[in-house]
file my_file27.cif (mmCIF, C-alpha atoms)
data_upload
#
loop_
_atom_site.label_atom_id
_atom_site.label_comp_id
_atom_site.auth_asym_id
_atom_site.auth_seq_id
_atom_site.Cartn_x
_atom_site.Cartn_y
_atom_site.Cartn_z
CA ALA A 699 0.00 0.00 0.00
CA PRO A 700 1.24 3.55 -0.67
CA ARG A 701 2.76 5.49 2.23
CA GLU A 702 -0.09 8.04 2.45
CA LEU A 703 -2.62 5.22 2.84
CA LEU A 704 -0.57 3.53 5.57
CA LEU A 705 -0.30 6.81 7.48
CA GLU A 706 -4.06 7.32 7.20
CA LEU A 707 -4.91 3.72 8.16
CA THR A 708 -2.78 3.89 11.30
CA ARG A 709 -3.26 7.55 12.21
CA LYS A 710 -3.85 6.82 15.92
CA TYR A 711 -0.24 5.63 16.19
CA GLU A 712 2.22 8.43 16.96
CA GLY A 713 5.51 6.53 17.25
CA GLU A 714 8.31 5.52 14.90
CA ARG A 715 7.54 4.23 11.39
CA ASP A 716 9.48 2.32 8.75
CA ALA A 717 10.42 3.76 5.35
CA ASN A 718 7.03 2.74 3.92
CA GLY A 719 5.06 4.46 6.69
CA ARG A 720 4.13 1.28 8.55
CA PRO A 721 4.11 1.61 12.37
CA ARG A 722 7.35 0.35 13.89
CA VAL A 723 6.59 -0.48 17.51
CA SER A 724 9.94 -0.60 19.36
CA ASP A 725 11.96 -3.79 19.82
CA ASP A 726 11.83 -3.13 23.57
CA LEU A 727 8.01 -3.26 23.61
CA LEU A 728 8.02 -6.41 21.47
CA GLU A 729 10.37 -8.09 23.95
CA ARG A 730 8.25 -7.01 26.92
CA LEU A 731 5.09 -8.31 25.23
CA LYS A 732 6.38 -11.91 25.06
CA PRO A 733 5.42 -12.91 28.64
CA ILE A 734 2.01 -11.14 28.48
CA SER A 735 -0.96 -13.51 28.30
CA THR A 736 -3.60 -13.50 25.58
CA GLU A 737 -6.21 -12.75 28.26
CA GLU A 738 -4.34 -9.66 29.50
CA ALA A 739 -4.05 -8.30 25.96
CA TRP A 740 -7.72 -9.12 25.33
CA GLY A 741 -8.79 -7.16 28.41
CA VAL A 742 -7.06 -3.96 27.29
CA LEU A 743 -8.40 -4.26 23.73
CA ARG A 744 -11.94 -4.84 24.98
CA ARG A 745 -11.77 -1.70 27.14
CA HIS A 746 -11.07 0.32 24.00
CA GLY A 747 -13.86 -1.31 22.00
CA TYR A 748 -11.59 -3.62 19.98
CA ASN A 749 -13.68 -6.75 20.48
CA LEU A 750 -12.68 -8.66 17.36
CA GLN A 751 -8.87 -8.81 17.40
CA PHE A 752 -8.45 -12.48 18.37
CA GLU A 753 -8.58 -15.63 16.27
CA GLY A 754 -8.16 -19.16 17.63
CA ASN A 755 -8.09 -22.78 16.39
CA TRP A 756 -4.67 -22.74 14.74
CA LEU A 757 -2.21 -25.52 14.07
CA GLU A 758 1.08 -24.55 15.69
CA VAL A 759 4.11 -25.80 13.78
CA HIS A 760 6.19 -25.04 16.90
CA PRO A 761 3.81 -25.88 19.77
CA GLY A 762 4.12 -23.58 22.75
CA ARG A 763 6.55 -21.16 21.11
CA ILE A 764 5.40 -17.53 21.53
CA LEU A 765 5.17 -15.38 18.40
CA VAL A 766 5.58 -11.60 18.68
CA GLY A 767 6.25 -9.10 15.89
CA ARG A 768 4.97 -6.38 13.56
CA ALA A 769 2.40 -7.45 10.99
CA VAL A 770 3.16 -7.40 7.28
CA THR A 771 -0.20 -8.23 5.74
CA ALA A 772 -0.87 -10.01 2.45
CA MET A 773 -4.15 -10.85 0.73
CA MET A 774 -4.51 -13.74 -1.71
CA LEU A 775 -7.62 -14.16 -3.87
CA PRO A 776 -8.93 -17.13 -5.87
CA HIS A 777 -7.41 -17.20 -9.37
CA ARG A 778 -9.10 -15.09 -12.03
CA PRO A 779 -7.20 -14.91 -15.34
CA ASP A 780 -7.58 -11.21 -16.18
CA PHE A 781 -6.65 -10.08 -12.67
CA HIS A 782 -3.77 -12.56 -12.42
CA GLU A 783 -2.31 -11.30 -15.69
CA LEU A 784 -2.44 -7.70 -14.43
CA VAL A 785 -0.71 -8.61 -11.14
CA GLU A 786 2.03 -10.54 -12.95
CA GLU A 787 2.65 -7.59 -15.29
CA GLN A 788 2.86 -5.18 -12.36
CA GLY A 789 5.19 -7.53 -10.48
CA LYS A 790 7.57 -7.77 -13.44
CA ALA A 791 7.52 -3.96 -13.82
CA ASP A 792 8.42 -3.67 -10.12
CA GLY A 793 11.30 -6.14 -10.56
CA ARG A 794 9.77 -8.89 -8.42
CA ILE A 795 11.01 -12.44 -8.94
CA GLY A 796 9.68 -15.93 -8.22
CA GLY A 797 6.14 -16.85 -7.25
CA GLN A 798 3.77 -14.26 -5.85
CA ASN A 799 4.05 -15.79 -2.36
CA SER A 800 7.79 -15.12 -2.44
CA TRP A 801 7.11 -11.46 -3.35
CA VAL A 802 5.63 -11.06 0.14
CA ILE A 803 8.54 -12.82 1.85
CA ASP A 804 11.04 -10.61 -0.02
CA THR A 805 9.63 -7.55 1.82
CA LEU A 806 10.12 -8.96 5.34
CA GLU A 807 12.57 -7.53 7.87
CA GLN A 808 13.69 -8.48 11.36
CA GLY A 809 10.82 -8.44 13.84
CA ASP A 810 8.12 -8.73 11.15
CA VAL A 811 5.35 -11.31 11.25
CA MET A 812 3.91 -12.25 7.87
CA VAL A 813 0.09 -12.41 8.14
CA VAL A 814 -1.58 -14.02 5.12
CA ASP A 815 -5.29 -13.97 4.30
CA MET A 816 -5.84 -16.92 1.95
CA PHE A 817 -9.45 -17.59 2.94
CA GLY A 818 -8.55 -20.82 4.79
CA LYS A 819 -7.39 -22.74 1.72
CA VAL A 820 -5.28 -25.81 2.62
CA LYS A 821 -5.06 -28.08 -0.44
CA ASP A 822 -3.25 -26.10 -3.19
CA GLY A 823 -3.06 -23.34 -0.55
CA THR A 824 0.35 -24.04 0.96
CA PHE A 825 1.91 -20.59 1.28
CA ILE A 826 5.30 -21.89 2.44
CA GLY A 827 7.32 -25.08 2.49
CA ASP A 828 10.69 -25.58 4.12
CA ASN A 829 12.62 -23.38 1.64
CA LEU A 830 10.39 -20.30 1.91
CA GLY A 831 9.88 -21.03 5.62
CA THR A 832 13.64 -20.88 6.13
CA SER A 833 13.64 -17.56 4.30
CA VAL A 834 10.93 -16.19 6.64
CA LYS A 835 12.98 -17.34 9.65
CA THR A 836 16.21 -15.80 8.34
CA ARG A 837 14.57 -12.47 7.53
CA THR A 838 12.30 -12.02 10.56
CA HIS A 839 13.46 -14.23 13.47
CA ALA A 840 9.74 -14.09 14.32
CA GLY A 841 7.39 -16.04 12.05
CA ALA A 842 4.03 -16.02 10.30
CA VAL A 843 0.27 -16.44 10.71
CA MET A 844 -1.24 -18.01 7.61
CA ASP A 845 -4.98 -18.51 7.08
CA CYS A 846 -4.14 -21.35 4.71
CA GLY A 847 -1.98 -24.46 4.57
CA ILE A 848 1.72 -25.20 4.58
CA ARG A 849 3.79 -28.07 3.23
CA ASP A 850 6.97 -29.74 4.54
CA GLN A 851 5.64 -29.64 8.10
CA ARG A 852 8.45 -31.90 9.34
CA GLY A 853 11.20 -29.71 7.89
CA LEU A 854 9.56 -26.52 9.15
CA SER A 855 9.13 -27.93 12.65
CA HIS A 856 12.93 -28.27 12.99
CA LEU A 857 13.52 -24.54 12.43
CA GLU A 858 14.59 -22.63 15.56
CA ASP A 859 13.87 -19.00 16.41
CA VAL A 860 10.61 -18.85 14.46
CA ALA A 861 6.93 -19.72 15.03
CA PHE A 862 4.34 -20.57 12.37
CA PHE A 863 0.56 -20.70 12.81
CA CYS A 864 -1.50 -22.20 9.97
CA ARG A 865 -4.80 -23.94 9.18
CA GLY A 866 -3.54 -27.27 7.91
CA PHE A 867 -0.78 -29.36 6.40
CA HIS A 868 -0.84 -30.65 2.82
CA PRO A 869 1.75 -31.99 0.36
CA SER A 870 0.34 -30.00 -2.60
CA ALA A 871 1.99 -26.86 -3.97
CA ILE A 872 0.32 -23.45 -3.99
CA LYS A 873 -1.84 -22.81 -7.07
CA ASP A 874 -4.94 -21.02 -8.35
CA VAL A 875 -4.46 -17.94 -6.16
CA THR A 876 -3.37 -14.37 -6.90
CA LEU A 877 -1.74 -11.78 -4.65
CA ALA A 878 -4.16 -8.84 -4.28
CA GLY A 879 -1.81 -6.68 -2.25
CA ILE A 880 0.78 -6.28 0.51
CA ASN A 881 0.24 -4.12 3.62
CA LEU A 882 -3.45 -3.46 3.25
CA PRO A 883 -6.28 -4.24 5.70
CA ILE A 884 -7.04 -7.97 5.70
CA ARG A 885 -9.41 -10.36 7.45
CA ILE A 886 -8.12 -13.29 9.48
CA GLY A 887 -11.16 -15.23 10.68
CA GLU A 888 -13.06 -12.84 12.98
CA ALA A 889 -10.28 -10.25 13.10
CA THR A 890 -9.34 -7.28 10.93
CA VAL A 891 -5.58 -6.86 10.72
CA LEU A 892 -3.81 -3.65 9.72
CA PRO A 893 -0.15 -3.37 8.69
CA GLY A 894 2.02 -2.68 11.72
CA ASP A 895 -0.37 -4.30 14.20
CA VAL A 896 1.61 -6.24 16.77
CA VAL A 897 0.95 -9.97 16.58
CA LEU A 898 0.84 -12.00 19.81
CA GLY A 899 0.65 -15.72 19.06
CA THR A 900 0.28 -18.12 22.00
CA PRO A 901 -1.11 -21.65 22.50
CA THR A 902 -4.48 -19.91 23.08
CA GLY A 903 -4.47 -18.27 19.64
CA VAL A 904 -3.42 -15.11 17.85
CA THR A 905 -4.20 -11.54 18.95
CA PHE A 906 -3.65 -8.61 16.58
CA ILE A 907 -2.91 -5.55 18.75
CA PRO A 908 -3.31 -2.11 17.13
CA ALA A 909 0.07 -0.37 17.23
CA HIS A 910 -1.25 2.53 19.32
CA LEU A 911 -2.39 0.16 22.10
CA VAL A 912 0.75 -1.95 22.51
CA GLN A 913 2.27 0.28 25.19
CA GLU A 914 -0.88 0.01 27.32
CA VAL A 915 -1.09 -3.78 26.86
CA VAL A 916 2.51 -4.12 28.05
CA ASP A 917 2.11 -1.70 30.99
CA ARG A 918 -1.10 -3.36 32.20
CA GLY A 919 0.32 -6.83 31.79
CA GLU A 920 3.45 -5.96 33.75
CA ASP A 921 1.37 -4.42 36.56
#
call {"tool": "encode", "arguments": {"input": "my_file27.cif", "output": "structure tokens"}}
result
Amino acid sequence: APRELLLELTRKYEGERDANGRPRVSDDLLERLKPISTEEAWGVLRRHGYNLQFEGNWLEVHPGRILVGRAVTAMMLPHRPDFHELVEEQGKADGRIGGQNSWVIDTLEQGDVMVVDMFGKVKDGTFIGDNLGTSVKTRTHAGAVMDCGIRDQRGLSHLEDVAFFCRGFHPSAIKDVTLAGINLPIRIGEATVLPGDVVLGTPTGVTFIPAHLVQEVVDRGED
């Protein structure tokens, strides 16, 4: 999404931003969020009227490992030839290489969490396997939340310093989907996720904390 749109989408956040305008909640706050429970975060969000920022019922590739980081959002849509052709043309013009799923991964930086809306597709909906998963780990040291499937579950489970949440495991490769955009508002189950939200993934589920509320979540949780 263009910088002006990101600034507008996240206008309640007054802190540091990355070069694209996405909120960049501090590394210190991310670290302090790790021991905070889902329930503590939920309580603060509810008080501010954010009642739909949690989504449960995930498969954890690394059971029990806590995921914390800044959301990079991506939306995938079911394949439609005219739209797919347009996206491919734009991608080539922008110098992007590889499959459209790798275009998203190529934007990731340390502390990012890739959040993918692929409408729950598991068969032919495997956003990463062990190669792209290793790339996510190397770039972010955080992980991903994928409303879709993954492949190479065994290989991915051996990766350290990363946590993946997904909807299912399948040996098929990704197909019949098109990337609609990176860093735009997306839906993950019951939740709306904005770029720069801070993701808190626990065995309970995943909470998407608006950037402007992270400080309060951390302060309350520590109290």
call {"tool": "closest_residue", "arguments": {"input": "my_file27.cif", "among": "A:Gln788, A:Ser855, A:Gln808, A:Gln798", "to": "Val834 (chain A)", "atoms": "all atoms listed in the file"}}
result
A:Gln808
call {"tool": "resolve_selection", "arguments": {"input": "my_file27.cif", "expression": "the PyMOL selection byres ((chain A and resi 876) around 10)", "output": "JSON list (two decimals) with C-alpha atoms, in the coordinates of the input"}}
result
[["chain", "number", "residue", "atom", "x", "y", "z"],
["A", 773, "MET", "CA", -4.15, -10.85, 0.73],
["A", 774, "MET", "CA", -4.51, -13.74, -1.71],
["A", 775, "LEU", "CA", -7.62, -14.16, -3.87],
["A", 776, "PRO", "CA", -8.93, -17.13, -5.87],
["A", 777, "HIS", "CA", -7.41, -17.20, -9.37],
["A", 778, "ARG", "CA", -9.10, -15.09, -12.03],
["A", 779, "PRO", "CA", -7.20, -14.91, -15.34],
["A", 781, "PHE", "CA", -6.65, -10.08, -12.67],
["A", 782, "HIS", "CA", -3.77, -12.56, -12.42],
["A", 783, "GLU", "CA", -2.31, -11.30, -15.69],
["A", 785, "VAL", "CA", -0.71, -8.61, -11.14],
["A", 786, "GLU", "CA", 2.03, -10.54, -12.95],
["A", 797, "GLY", "CA", 6.14, -16.85, -7.25],
["A", 798, "GLN", "CA", 3.77, -14.26, -5.85],
["A", 799, "ASN", "CA", 4.05, -15.79, -2.36],
["A", 816, "MET", "CA", -5.84, -16.92, 1.95],
["A", 873, "LYS", "CA", -1.84, -22.81, -7.07],
["A", 874, "ASP", "CA", -4.94, -21.02, -8.35],
["A", 875, "VAL", "CA", -4.46, -17.94, -6.16],
["A", 877, "LEU", "CA", -1.74, -11.78, -4.65],
["A", 878, "ALA", "CA", -4.16, -8.84, -4.28],
["A", 879, "GLY", "CA", -1.81, -6.68, -2.25]]
call {"tool": "closest_residue", "arguments": {"input": "my_file27.cif", "among": "A:Gly823, A:Val904, A:Arg763, A:Gly894", "to": "Leu857 (chain A)", "atoms": "only C-alpha atoms"}}
result
A:Arg763
call {"tool": "residues_around", "arguments": {"input": "my_file27.cif", "residues": "Gln751 (chain A)", "least_positions_apart": "4", "cutoff": "6 Å", "atoms": "only C-alpha atoms", "output": "PyMOL selection string"}}
result
chain A and resi 889+905-906
call {"tool": "atom_distance", "arguments": {"input": "my_file27.cif", "atom1": "CA of Pro883 (chain A)", "atom2": "CA of Glu729 (chain A)"}}
result
25.0 Å
